[in-house]
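Student: So that you have it, the file is start.txt, and it contains compact mmCIF, C-alpha atoms:
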```txt
# COMPACT_ATOMS: atom_id res chain seq x y z
CA MET A 1 -3.65 38.78 173.11
CA ALA A 2 -3.91 37.92 176.81
CA LYS A 3 -2.95 34.32 176.14
CA ASP A 4 0.06 35.33 174.06
CA VAL A 5 1.28 37.92 176.54
CA LYS A 6 1.10 35.47 179.43
CA ALA A 7 2.80 32.68 177.52
CA HIS A 8 6.07 33.30 179.36
CA ALA A 9 4.58 32.28 182.69
CA ASN A 10 5.39 28.60 182.22
CA GLY A 11 9.13 29.34 182.44
CA LYS A 12 9.67 30.61 185.97
CA GLU A 13 13.14 29.20 186.38
CA LYS A 14 15.52 31.78 187.80
CA ALA A 15 18.32 32.27 185.29
CA ASN A 16 21.80 32.57 186.81
CA GLY A 17 20.26 31.74 190.18
CA TYR A 18 18.66 35.19 190.61
CA LYS A 19 15.42 35.81 192.43
CA GLN A 20 13.87 39.23 192.68
CA GLU A 21 14.09 39.24 196.47
CA ASN A 22 17.85 38.56 196.13
CA LEU A 23 18.46 41.30 193.56
CA ILE A 24 21.44 43.35 194.70
CA ILE A 25 20.43 46.96 195.29
CA GLY A 26 22.65 50.01 195.10
CA GLN A 27 25.71 48.27 193.67
CA ARG A 28 27.11 47.73 190.20
CA VAL A 29 26.78 44.09 189.20
CA TYR A 30 28.27 42.35 186.15
CA SER A 31 25.61 40.07 184.73
CA ASP A 32 27.69 37.26 183.21
CA LEU A 33 31.34 37.95 183.96
CA GLY A 34 32.72 37.92 187.47
CA GLY A 35 33.99 41.49 187.44
CA ALA A 36 35.40 44.41 185.50
CA ASP A 37 38.71 42.65 184.85
CA GLN A 38 37.40 39.34 183.54
CA ARG A 39 37.57 38.71 179.80
CA GLN A 40 35.19 36.95 177.45
CA GLY A 41 36.21 33.52 176.14
CA TRP A 42 37.20 33.25 172.49
CA LEU A 43 34.26 31.02 171.46
CA SER A 44 31.77 33.31 173.17
CA TRP A 45 33.44 36.32 171.48
CA ILE A 46 33.19 34.77 168.00
CA VAL A 47 29.53 33.85 168.48
CA ALA A 48 28.77 37.36 169.78
CA VAL A 49 30.57 39.10 166.90
CA VAL A 50 28.85 37.02 164.21
CA THR A 51 25.34 37.16 165.67
CA LEU A 52 25.48 40.83 166.64
CA THR A 53 26.74 41.78 163.18
CA VAL A 54 23.95 39.77 161.54
CA TYR A 55 21.31 41.30 163.80
CA CYS A 56 22.49 44.91 163.62
CA GLY A 57 23.35 44.65 159.92
CA TRP A 58 20.19 42.79 158.94
CA MET A 59 18.88 45.65 156.79
CA ASN A 60 22.23 45.86 155.00
CA PHE A 61 21.99 42.16 154.24
CA LEU A 62 18.42 42.48 152.91
CA ILE A 63 19.43 45.37 150.66
CA MET A 64 22.40 43.44 149.24
CA LEU A 65 20.24 40.35 148.76
CA THR A 66 17.64 42.44 146.92
CA ILE A 67 20.31 43.71 144.53
CA ALA A 68 21.64 40.19 144.03
CA ALA A 69 18.09 38.97 143.30
CA ILE A 70 18.09 41.07 140.13
CA PHE A 71 20.84 38.90 138.69
CA TYR A 72 20.71 35.51 140.45
CA PRO A 73 17.74 33.11 140.80
CA TRP A 74 19.03 31.69 144.09
CA ALA A 75 18.97 35.17 145.61
CA ARG A 76 15.38 35.66 144.47
CA TYR A 77 14.28 32.40 146.05
CA LEU A 78 16.09 33.20 149.30
CA LEU A 79 14.61 36.70 149.39
CA ILE A 80 11.10 35.34 148.85
CA ALA A 81 11.62 32.77 151.60
CA ILE A 82 12.83 35.41 154.04
CA TRP A 83 10.00 37.86 153.33
CA SER A 84 7.40 35.10 153.52
CA THR A 85 8.15 34.80 157.25
CA VAL A 86 6.27 38.06 157.87
CA LEU A 87 3.10 36.05 157.22
CA LEU A 88 3.82 33.87 160.25
CA PRO A 89 2.19 35.02 163.51
CA ALA A 90 4.59 36.90 165.77
CA LYS A 91 3.88 34.95 168.94
CA PRO A 92 4.32 34.57 171.84
CA VAL A 93 4.96 38.01 173.28
CA LEU A 94 7.80 37.58 175.80
CA TRP A 95 8.99 34.03 175.21
CA THR A 96 10.96 32.65 178.14
CA TRP A 97 12.86 30.01 176.16
CA TRP A 98 14.04 32.59 173.64
CA ASN A 99 15.29 35.00 176.29
CA LYS A 100 17.28 32.25 178.04
CA LEU A 101 19.30 31.33 174.93
CA TRP A 102 23.05 31.15 175.45
CA VAL A 103 23.68 33.44 172.50
CA PHE A 104 22.31 36.39 174.50
CA LYS A 105 24.74 35.59 177.28
CA THR A 106 27.54 36.01 174.72
CA TRP A 107 26.11 39.44 173.85
CA ARG A 108 26.13 40.50 177.49
CA GLN A 109 29.70 39.27 177.86
CA TYR A 110 30.75 41.08 174.69
CA PHE A 111 29.47 44.39 176.10
CA HIS A 112 30.65 43.53 179.62
CA PHE A 113 27.06 44.26 180.55
CA SER A 114 26.54 45.53 184.08
CA TYR A 115 23.65 47.06 185.96
CA CYS A 116 22.69 48.91 189.11
CA PHE A 117 19.23 49.06 190.67
CA GLU A 118 18.86 51.99 193.05
CA VAL A 119 15.70 50.48 194.54
CA ALA A 120 13.73 47.26 194.10
CA LEU A 121 10.46 47.48 192.19
CA ASP A 122 7.33 46.11 193.81
CA PRO A 123 6.34 43.06 191.69
CA HIS A 124 2.68 43.73 192.46
CA LYS A 125 2.72 47.23 190.99
CA ARG A 126 2.78 48.54 187.42
CA TYR A 127 5.44 50.89 186.15
CA ILE A 128 6.43 52.60 182.94
CA LEU A 129 10.19 52.43 182.47
CA TYR A 130 11.30 55.33 180.27
CA GLU A 131 14.70 54.47 178.87
CA ALA A 132 17.53 56.39 177.22
CA PRO A 133 19.43 56.70 175.06
CA HIS A 134 18.16 55.08 171.88
CA GLY A 135 21.39 55.96 170.13
CA THR A 136 22.00 54.81 166.60
CA PHE A 137 20.72 51.32 167.41
CA PRO A 138 19.08 50.30 170.73
CA ILE A 139 21.30 47.28 171.35
CA GLY A 140 21.68 48.19 175.05
CA PRO A 141 17.94 48.04 175.81
CA ILE A 142 17.62 44.91 173.67
CA THR A 143 20.45 43.18 175.53
CA ALA A 144 18.95 44.20 178.86
CA GLY A 145 15.55 43.00 177.68
CA THR A 146 16.83 39.44 177.53
CA MET A 147 17.40 39.63 181.30
CA CYS A 148 14.07 41.10 182.39
CA GLN A 149 12.74 37.73 183.47
CA THR A 150 15.95 37.18 185.40
CA PHE A 151 15.62 40.50 187.22
CA PHE A 152 11.87 40.22 187.76
CA PRO A 153 10.78 36.56 187.45
CA GLU A 154 7.38 37.23 188.99
CA ALA A 155 6.74 40.65 187.42
CA PRO A 156 6.62 40.66 183.59
CA ILE A 157 8.11 43.69 181.87
CA TYR A 158 7.10 44.26 178.26
CA SER A 159 8.09 47.00 175.84
CA VAL A 160 6.92 48.95 172.81
CA ALA A 161 9.04 49.55 169.71
CA ALA A 162 8.81 51.41 166.41
CA THR A 163 5.99 50.02 164.27
CA SER A 164 8.28 49.80 161.23
CA VAL A 165 10.38 47.11 162.96
CA PHE A 166 7.40 44.75 162.90
CA HIS A 167 7.29 44.83 159.10
CA ILE A 168 10.86 43.52 158.76
CA PRO A 169 11.36 39.73 158.57
CA PHE A 170 13.36 38.21 161.44
CA TRP A 171 13.33 41.47 163.41
CA ARG A 172 9.55 41.16 163.64
CA HIS A 173 9.71 37.87 165.53
CA PHE A 174 12.89 38.64 167.44
CA ILE A 175 11.53 41.80 169.02
CA THR A 176 8.18 40.19 169.80
CA TRP A 177 9.81 37.27 171.57
CA ILE A 178 11.71 39.60 173.91
CA GLY A 179 8.38 41.20 174.86
CA SER A 180 7.67 44.04 172.40
CA LEU A 181 4.62 45.18 170.47
CA PRO A 182 4.28 48.11 168.02
CA ALA A 183 4.34 51.47 169.80
CA THR A 184 0.69 52.43 169.55
CA LYS A 185 -1.36 53.83 172.39
CA ALA A 186 -3.68 50.82 172.30
CA ASN A 187 -0.79 48.34 172.53
CA PHE A 188 0.83 50.34 175.32
CA LYS A 189 -2.34 50.15 177.39
CA ARG A 190 -2.92 46.48 176.59
CA LEU A 191 0.55 45.58 177.81
CA LEU A 192 0.06 47.64 180.97
CA SER A 193 -2.95 45.49 181.78
CA HIS A 194 -0.52 42.55 182.10
CA GLY A 195 2.51 44.16 183.73
CA SER A 196 5.02 46.98 183.45
CA VAL A 197 6.15 48.46 180.12
CA ALA A 198 9.49 49.86 178.97
CA VAL A 199 9.81 52.45 176.22
CA VAL A 200 12.92 53.99 174.66
CA VAL A 201 11.48 57.47 174.36
CA GLY A 202 13.96 59.13 171.98
CA GLY A 203 13.34 56.81 169.05
CA ILE A 204 14.51 57.53 165.52
CA ALA A 205 15.32 61.19 166.28
CA GLU A 206 18.20 60.12 168.53
CA MET A 207 19.85 58.10 165.78
CA TYR A 208 21.24 61.36 164.40
CA MET A 209 22.05 63.00 167.74
CA CYS A 210 25.22 61.18 168.82
CA HIS A 211 27.99 63.60 169.81
CA PRO A 212 31.69 62.92 170.45
CA ARG A 213 31.90 64.98 173.68
CA LYS A 214 28.47 64.80 175.31
CA GLU A 215 25.36 62.66 175.62
CA ARG A 216 22.28 63.96 173.81
CA ILE A 217 18.83 62.47 174.31
CA LYS A 218 15.38 63.42 173.07
CA LEU A 219 13.01 63.63 176.03
CA ALA A 220 11.77 67.22 176.35
CA GLY A 221 8.29 67.49 174.85
CA ARG A 222 7.78 63.70 174.74
CA LYS A 223 4.45 63.66 176.56
CA GLY A 224 3.03 60.39 175.25
CA PHE A 225 4.36 58.07 177.93
CA VAL A 226 3.50 60.39 180.84
CA ARG A 227 0.01 60.92 179.45
CA ILE A 228 -0.53 57.16 179.36
CA ALA A 229 0.93 56.87 182.87
CA LEU A 230 -1.70 59.31 184.13
CA GLU A 231 -4.56 57.81 182.13
CA GLU A 232 -3.78 54.28 183.27
CA GLN A 233 -2.90 55.31 186.82
CA VAL A 234 0.33 53.31 186.94
CA ASP A 235 2.21 53.25 190.21
CA GLY A 236 5.26 55.10 188.95
CA ILE A 237 7.51 56.02 186.05
CA VAL A 238 11.11 54.83 186.29
CA PRO A 239 14.15 56.42 184.57
CA VAL A 240 16.65 53.97 183.07
CA TYR A 241 19.94 55.01 181.45
CA TYR A 242 22.39 52.93 179.38
CA PHE A 243 25.93 54.25 179.66
CA GLY A 244 28.01 53.37 176.60
CA GLN A 245 25.03 52.89 174.33
CA THR A 246 25.82 55.91 172.14
CA ARG A 247 29.39 54.74 171.45
CA VAL A 248 28.54 51.28 170.12
CA LEU A 249 27.57 52.21 166.54
CA ASP A 250 27.45 55.28 164.28
CA PHE A 251 24.72 56.27 161.83
CA GLY A 252 24.27 58.88 159.15
CA PRO A 253 24.28 61.12 157.21
CA ALA A 254 22.43 63.54 159.48
CA TRP A 255 20.59 65.32 156.65
CA LEU A 256 18.31 62.28 156.28
CA GLN A 257 16.83 62.86 159.75
CA GLY A 258 13.84 64.90 158.56
CA VAL A 259 12.75 62.36 155.97
CA SER A 260 13.26 59.47 158.38
CA ARG A 261 11.05 61.02 161.04
CA LYS A 262 8.28 61.71 158.52
CA ILE A 263 8.12 58.14 157.23
CA ARG A 264 9.12 56.60 160.62
CA VAL A 265 11.90 54.58 159.01
CA SER A 266 15.58 55.24 159.68
CA LEU A 267 17.48 56.06 156.50
CA GLY A 268 21.26 55.97 156.52
CA VAL A 269 24.28 53.75 156.99
CA LEU A 270 24.95 51.92 160.26
CA HIS A 271 28.62 51.22 160.97
CA GLY A 272 30.93 50.30 163.82
CA ARG A 273 34.12 48.24 163.90
CA TRP A 274 36.08 48.20 160.64
CA GLY A 275 33.31 50.17 158.90
CA LEU A 276 30.94 47.20 159.24
CA PRO A 277 27.60 47.04 161.08
CA MET A 278 29.54 45.31 163.88
CA PRO A 279 29.05 46.89 167.31
CA ARG A 280 32.16 48.17 169.03
CA GLN A 281 33.05 46.29 172.19
CA VAL A 282 32.06 49.13 174.52
CA PRO A 283 30.99 48.33 178.11
CA ILE A 284 27.27 48.93 178.61
CA TYR A 285 26.12 49.91 182.08
CA MET A 286 22.39 50.03 182.83
CA VAL A 287 21.32 52.18 185.78
CA HIS A 288 17.78 51.78 187.03
CA GLY A 289 16.45 54.75 188.99
CA LYS A 290 13.83 55.32 191.65
CA PRO A 291 10.14 55.32 190.66
CA ILE A 292 8.55 58.75 190.32
CA PRO A 293 5.01 58.69 191.77
CA VAL A 294 2.15 59.27 189.35
CA PRO A 295 -0.59 61.54 190.77
CA LYS A 296 -4.19 60.38 190.75
CA ILE A 297 -6.21 62.59 188.44
CA ALA A 298 -9.15 61.87 186.14
CA ARG A 299 -8.77 62.25 182.38
CA ASP A 300 -11.64 64.76 182.26
CA ASP A 301 -10.25 66.85 185.11
CA PRO A 302 -9.50 70.44 183.98
CA GLY A 303 -6.07 70.09 185.52
CA PHE A 304 -5.13 66.97 183.56
CA GLU A 305 -2.97 68.71 180.95
CA GLY A 306 -1.18 70.57 183.71
CA ALA A 307 -0.51 67.25 185.42
CA VAL A 308 0.98 65.92 182.17
CA GLU A 309 3.38 68.87 181.99
CA ALA A 310 4.30 68.54 185.66
CA LEU A 311 4.96 64.80 185.42
CA LEU A 312 7.08 65.29 182.30
CA GLY A 313 9.10 67.87 184.21
CA GLU A 314 9.63 65.30 186.98
CA ALA A 315 10.67 62.74 184.35
CA LEU A 316 13.28 65.14 182.90
CA ARG A 317 14.70 65.87 186.35
CA GLY A 318 14.67 62.19 187.26
CA MET A 319 16.68 61.22 184.18
CA GLN A 320 19.16 64.07 184.59
CA GLU A 321 19.74 63.28 188.26
CA LEU A 322 20.11 59.57 187.54
CA TYR A 323 22.81 60.36 184.98
CA GLU A 324 24.64 62.70 187.33
CA ARG A 325 24.68 60.12 190.12
CA HIS A 326 26.36 57.44 188.01
CA ARG A 327 28.40 59.07 185.22
CA ALA A 328 31.63 59.28 187.23
CA GLU A 329 31.31 55.61 188.15
CA TYR A 330 31.24 54.75 184.45
CA GLY A 331 34.20 57.04 183.73
CA TRP A 332 32.21 59.86 182.16
CA ALA A 333 32.67 62.54 184.79
CA ASP A 334 33.60 65.00 182.03
CA ARG A 335 30.82 63.93 179.62
CA PRO A 336 27.64 65.95 180.31
CA LEU A 337 24.08 64.97 179.42
CA SER A 338 21.98 67.27 177.25
CA ILE A 339 18.22 66.60 177.37
CA GLU A 340 16.59 68.15 174.31
```
Hey, can you dump this file as structure tokens for me?

Tutor:
Amino acid sequence: MAKDVKAHANGKEKANGYKQENLIIGQRVYSDLGGADQRQGWLSWIVAVVTLTVYCGWMNFLIMLTIAAIFYPWARYLLIAIWSTVLLPAKPVLWTWWNKLWVFKTWRQYFHFSYCFEVALDPHKRYILYEAPHGTFPIGPITAGTMCQTFFPEAPIYSVAATSVFHIPFWRHFITWIGSLPATKANFKRLLSHGSVAVVVGGIAEMYMCHPRKERIKLAGRKGFVRIALEEQVDGIVPVYYFGQTRVLDFGPAWLQGVSRKIRVSLGVLHGRWGLPMPRQVPIYMVHGKPIPVPKIARDDPGFEGAVEALLGEALRGMQELYERHRAEYGWADRPLSIE
């Protein structure tokens, strides 16, 4: 595991000329386009549309191929070939070469991806980045994940994702190569021994929570990440919000939510532009808040559970305040955030 996790260290080139010490703080920065008014080139747009549709609609494709396999031998052979890839080791975790691919630059241009860091993180400290929203499909966090080594070339940031994703061919390797492992407590702690870890806390529950007039995220009662923060004595937990994420794709019907949460697999239809699993070209703005200190307390201390509740309360306030500070800048002054 340690060897795989550290495999990215050979690629310390600074993409786009960034170094962590030169990271612009307190300002909105467009990652790959010069500003808010610049437009994506036609070739980049075509590549982004095709690859994003394939990635987001991958389950749709597998379902259609499975149906076709009933009638056509070629479809059966292709389906077998695709599913056989799950037998291949999903390594390395956080692959520099993969994250530097030009195709991900087209994704960032498609979403006019921008970001703002309120403070710089200490590369010698460990943090848990708790991110929101998950939305119907976490394309914002995934797109941002391809830039983690650009933002923090000397401080690896990994992530944990739904275990079910790692049983799906193609997705299994894709998500591993951008630095993810299945979201188990053991994996979370193993990754923290090598660097900081990001987690989209809302998960599958948020896929059914999108609202036309307000932002809704699932964070209240989500104690797992703060419990691990206390147990592992990380240096801080950091709120991260992706404006625009909830408007990229739709998912439903909502009545499947209960079943999906029980089996930890999202059931429904993902759709965006033209009724296809093609993300809408909505600007995505990542805001990266200030670390919230994690108190030092032993796991067997009688006050440990109280510390978990208190830290979760700080996490809720931190996310709410982060949203309030930046929503007008994104153009959402009249779109409130509901933390549930």

Student: May I have the residues within 12 Å of Phe251 in chain A as a list in words, using only C-alpha atoms and disregarding those fewer than 5 positions away in the same chain?

Tutor: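 Skipping anything fewer than 5 positions along the chain leaves Cys56, Gly57, Gly135, Thr136, Phe137, Ile204, Ala205, Glu206, Met207, Tyr208, Met209, Cys210, His211, Thr246, Leu256, Gln257, Ser266, Leu267, Gly268, Val269, Leu270, His271, Gly272, Gly275, Leu276, Pro277 and Pro279 of chain A.
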
Student: Would you export the selected residues with C-alpha atoms as a PDB file, keeping the file's coordinate frame, please?

Tutor:
```
ATOM      1  CA  CYS A  56      22.490  44.910 163.620  1.00  0.00           C
ATOM      2  CA  GLY A  57      23.350  44.650 159.920  1.00  0.00           C
ATOM      3  CA  GLY A 135      21.390  55.960 170.130  1.00  0.00           C
ATOM      4  CA  THR A 136      22.000  54.810 166.600  1.00  0.00           C
ATOM      5  CA  PHE A 137      20.720  51.320 167.410  1.00  0.00           C
ATOM      6  CA  ILE A 204      14.510  57.530 165.520  1.00  0.00           C
ATOM      7  CA  ALA A 205      15.320  61.190 166.280  1.00  0.00           C
ATOM      8  CA  GLU A 206      18.200  60.120 168.530  1.00  0.00           C
ATOM      9  CA  MET A 207      19.850  58.100 165.780  1.00  0.00           C
ATOM     10  CA  TYR A 208      21.240  61.360 164.400  1.00  0.00           C
ATOM     11  CA  MET A 209      22.050  63.000 167.740  1.00  0.00           C
ATOM     12  CA  CYS A 210      25.220  61.180 168.820  1.00  0.00           C
ATOM     13  CA  HIS A 211      27.990  63.600 169.810  1.00  0.00           C
ATOM     14  CA  THR A 246      25.820  55.910 172.140  1.00  0.00           C
ATOM     15  CA  LEU A 256      18.310  62.280 156.280  1.00  0.00           C
ATOM     16  CA  GLN A 257      16.830  62.860 159.750  1.00  0.00           C
ATOM     17  CA  SER A 266      15.580  55.240 159.680  1.00  0.00           C
ATOM     18  CA  LEU A 267      17.480  56.060 156.500  1.00  0.00           C
ATOM     19  CA  GLY A 268      21.260  55.970 156.520  1.00  0.00           C
ATOM     20  CA  VAL A 269      24.280  53.750 156.990  1.00  0.00           C
ATOM     21  CA  LEU A 270      24.950  51.920 160.260  1.00  0.00           C
ATOM     22  CA  HIS A 271      28.620  51.220 160.970  1.00  0.00           C
ATOM     23  CA  GLY A 272      30.930  50.300 163.820  1.00  0.00           C
ATOM     24  CA  GLY A 275      33.310  50.170 158.900  1.00  0.00           C
ATOM     25  CA  LEU A 276      30.940  47.200 159.240  1.00  0.00           C
ATOM     26  CA  PRO A 277      27.600  47.040 161.080  1.00  0.00           C
ATOM     27  CA  PRO A 279      29.050  46.890 167.310  1.00  0.00           C
TER      28      PRO A 279
END
```

Student: What does the distance between CA of Ala144 in chain A and CA of Leu312 in chain A come to in Å, to one decimal place?

Tutor: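 Separating CA of Ala144 in chain A from CA of Leu312 in chain A is a distance of 24.4 Å.
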
Student: Between A:Tyr72, A:Phe61, A:Tyr30, A:Phe243, single out the one closest to Ala333 in chain A, counting only C-alpha atoms.

Tutor: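 Checking each candidate against Ala333 in chain A, we get A:Phe243 as the closest.
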
Student: List the neighbours of Trp45 in chain A out to 9 Å using only C-alpha atoms; skip same-chain residues closer than 4 positions along the sequence, and give me the result as number ranges by chain.

Tutor: A: 40-41, 49-50, 106-107, 109-110

Student: Hey, could you make a per-residue contact list for range 59-141 of chain A against range 181-191 of chain A with 12 Å as the cut-off, showing the nearest pair of atoms and its distance in Å to one decimal, counting only C-alpha atoms, sorted by chain and number, as CSV?

Tutor:
```
residue,atom,partner,partner_atom,distance
A:Ala90,CA,A:Leu181,CA,9.5
A:Lys91,CA,A:Leu181,CA,10.4
A:Pro92,CA,A:Leu181,CA,10.7
A:Val93,CA,A:Leu181,CA,7.7
A:Leu94,CA,A:Leu181,CA,9.8
A:Arg126,CA,A:Leu191,CA,10.3
A:Tyr127,CA,A:Leu191,CA,11.0
A:Ile128,CA,A:Phe188,CA,9.7
A:Leu129,CA,A:Phe188,CA,12.0
```

Student: Nearest to Phe170 in chain A among A:Met59, A:Ser114, A:Val234, A:Phe304, with distances taken over only C-alpha atoms: which residue is it?

Tutor: A:Met59

Student: Restricting the calculation to all atoms listed in the file, which member of A:Asp301, A:Glu131, A:Glu314, A:Glu232 is positioned closest to Val199 in chain A?

Tutor: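 Looking at the shortest contact to Val199 in chain A, the residue is A:Glu131.
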
Student: Pick from A:Lys100, A:Glu231, A:Ile168, A:Ile157: nearest to Ile297 in chain A, with all atoms listed in the file counted?

Tutor: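 So, comparing all the options, the nearest one is A:Glu231.
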